[in-house]
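As structure tokens, the structure follows; a few thoughts come after it.
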Amino acid sequence: MRFGHEQLDVYRLAVEFAAGSYALAKELSGVDRHARDQLLRAAQSIALNIAEGNGKGTNPDRRRYFEIARGAALEFAAIQDCLEACQVIGPEQNCQGKTMLLRVVSMLTKLGQRNHELREEPAVYGDYDHDYDNE
């Protein structure tokens, strides 16, 4: 069984991006630890808000979460700029990350502009075929 958000290309890309951000985070320590924590929160926030937004019942709620995910992606881009300015990462590493982020932001922008209809299926609670009284 797959959740609806797992079928979204932008969600899969966001998870891939989060995995890459963990590799970058492993390089950050000491004075850079605060940037590391913020970087990881922003990376996770992208995927988490896509998943949560996709489960919302109304399009305005859904769009709000997609916009939050988009904001987290832009926040991550700003963190990378700060890391580059402080010479923690190089321009090529910043460019690579931003290329993927730009794609995520573009996809989220499109999702926010239309009535997205790949929704989560309503949950079925309980096993109606199972007889608990005979156990």
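Residue names in the structure tokens use chain letters A, B, ... in the order shown, residue numbers from 1 in each chain, and ligand numbers from 1 in the order shown.
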
Would you pick out the contacts of Arg103 of chain A at 9 Å or less, using only C-alpha atoms, so that residues sharing its chain but fewer than 4 positions from it are not included, and give the list as a PyMOL selection string?
chain A and resi 10+13+98-99+107-108

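Summary of the local environment: counting only C-alpha atoms, residues at most 7 Å from segment 44-49 of chain A, other than itself and those fewer than 4 positions away along its chain, are A:Tyr11, A:Ala14, A:Val15, A:Ala18, A:Leu40, A:Gly53, A:Tyr65, A:Phe66, A:Ile68, A:Ala69, A:Arg70, A:Ala72, A:Ala73.
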
Spatial neighbours of Tyr22 of chain A, 10 Å, only C-alpha atoms, chain gap at least 4 places, as a list of chain:residue names
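Counting only C-alpha atoms, the residues come to A:Phe17, A:Ala18, A:Lys26, A:Glu27, A:Leu28, A:Arg36, A:Leu39, A:Leu40, A:Ala43, A:Gln44.
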
Atoms kept (N, CA and C atoms) for selection, written as a PDB file, in the first residue's frame:
```pdb
ATOM      1  N   PHE A  17      16.343  14.951  -1.667  1.00  0.00           N
ATOM      2  CA  PHE A  17      17.081  16.140  -1.259  1.00  0.00           C
ATOM      3  C   PHE A  17      17.434  16.074   0.230  1.00  0.00           C
ATOM      4  N   ALA A  18      16.489  15.638   1.049  1.00  0.00           N
ATOM      5  CA  ALA A  18      16.749  15.516   2.494  1.00  0.00           C
ATOM      6  C   ALA A  18      17.900  14.553   2.751  1.00  0.00           C
ATOM      7  N   LYS A  26      26.683  16.119   7.970  1.00  0.00           N
ATOM      8  CA  LYS A  26      27.757  15.359   8.618  1.00  0.00           C
ATOM      9  C   LYS A  26      29.092  16.101   8.558  1.00  0.00           C
ATOM     10  N   GLU A  27      29.213  17.018   7.614  1.00  0.00           N
ATOM     11  CA  GLU A  27      30.442  17.797   7.471  1.00  0.00           C
ATOM     12  C   GLU A  27      30.466  19.010   8.400  1.00  0.00           C
ATOM     13  N   LEU A  28      29.324  19.340   8.994  1.00  0.00           N
ATOM     14  CA  LEU A  28      29.216  20.545   9.811  1.00  0.00           C
ATOM     15  C   LEU A  28      29.335  20.203  11.292  1.00  0.00           C
ATOM     16  N   ARG A  36      23.848  23.530  10.933  1.00  0.00           N
ATOM     17  CA  ARG A  36      23.525  22.121  10.667  1.00  0.00           C
ATOM     18  C   ARG A  36      22.110  21.794  11.140  1.00  0.00           C
ATOM     19  N   LEU A  39      19.586  23.544   8.955  1.00  0.00           N
ATOM     20  CA  LEU A  39      19.609  22.919   7.633  1.00  0.00           C
ATOM     21  C   LEU A  39      18.790  21.624   7.634  1.00  0.00           C
ATOM     22  N   LEU A  40      18.978  20.804   8.646  1.00  0.00           N
ATOM     23  CA  LEU A  40      18.241  19.544   8.723  1.00  0.00           C
ATOM     24  C   LEU A  40      16.748  19.768   8.941  1.00  0.00           C
ATOM     25  N   ALA A  43      15.288  20.927   5.587  1.00  0.00           N
ATOM     26  CA  ALA A  43      15.229  19.827   4.614  1.00  0.00           C
ATOM     27  C   ALA A  43      14.081  18.876   4.930  1.00  0.00           C
ATOM     28  N   GLN A  44      13.922  18.532   6.200  1.00  0.00           N
ATOM     29  CA  GLN A  44      12.831  17.646   6.595  1.00  0.00           C
ATOM     30  C   GLN A  44      11.480  18.320   6.413  1.00  0.00           C
TER      31      GLN A  44
END
```

One decimal, Å: what's the distance from atom CA of Gly112 of chain A over to atom CA of Ala77 of chain A, could you say?
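About the pair atom CA of Gly112 of chain A and atom CA of Ala77 of chain A: they are 19.8 Å apart.
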
Which residue of A:Ala35, A:Leu111, A:Leu101, A:Ala42 approaches Glu84 of chain A most closely, using only C-alpha atoms:
A:Ala35

Residue among A:Ile50, A:Ala19, A:Leu74, A:Leu102 lying closest to Gln7 of chain A, counting only C-alpha atoms
A:Ile50

Taking into account only C-alpha atoms, which residue in the set A:Phe76, A:Glu92, A:His5, A:Glu16 is nearest to Lys56 of chain A?
A:His5

Work out how far atom CA of Cys95 of chain A is from atom CA of Lys110 of chain A, in Å to one decimal.
22.5 Å

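Distance-wise, atom CA of Ser106 of chain A and atom CA of Asp32 of chain A end up 29.1 Å apart.
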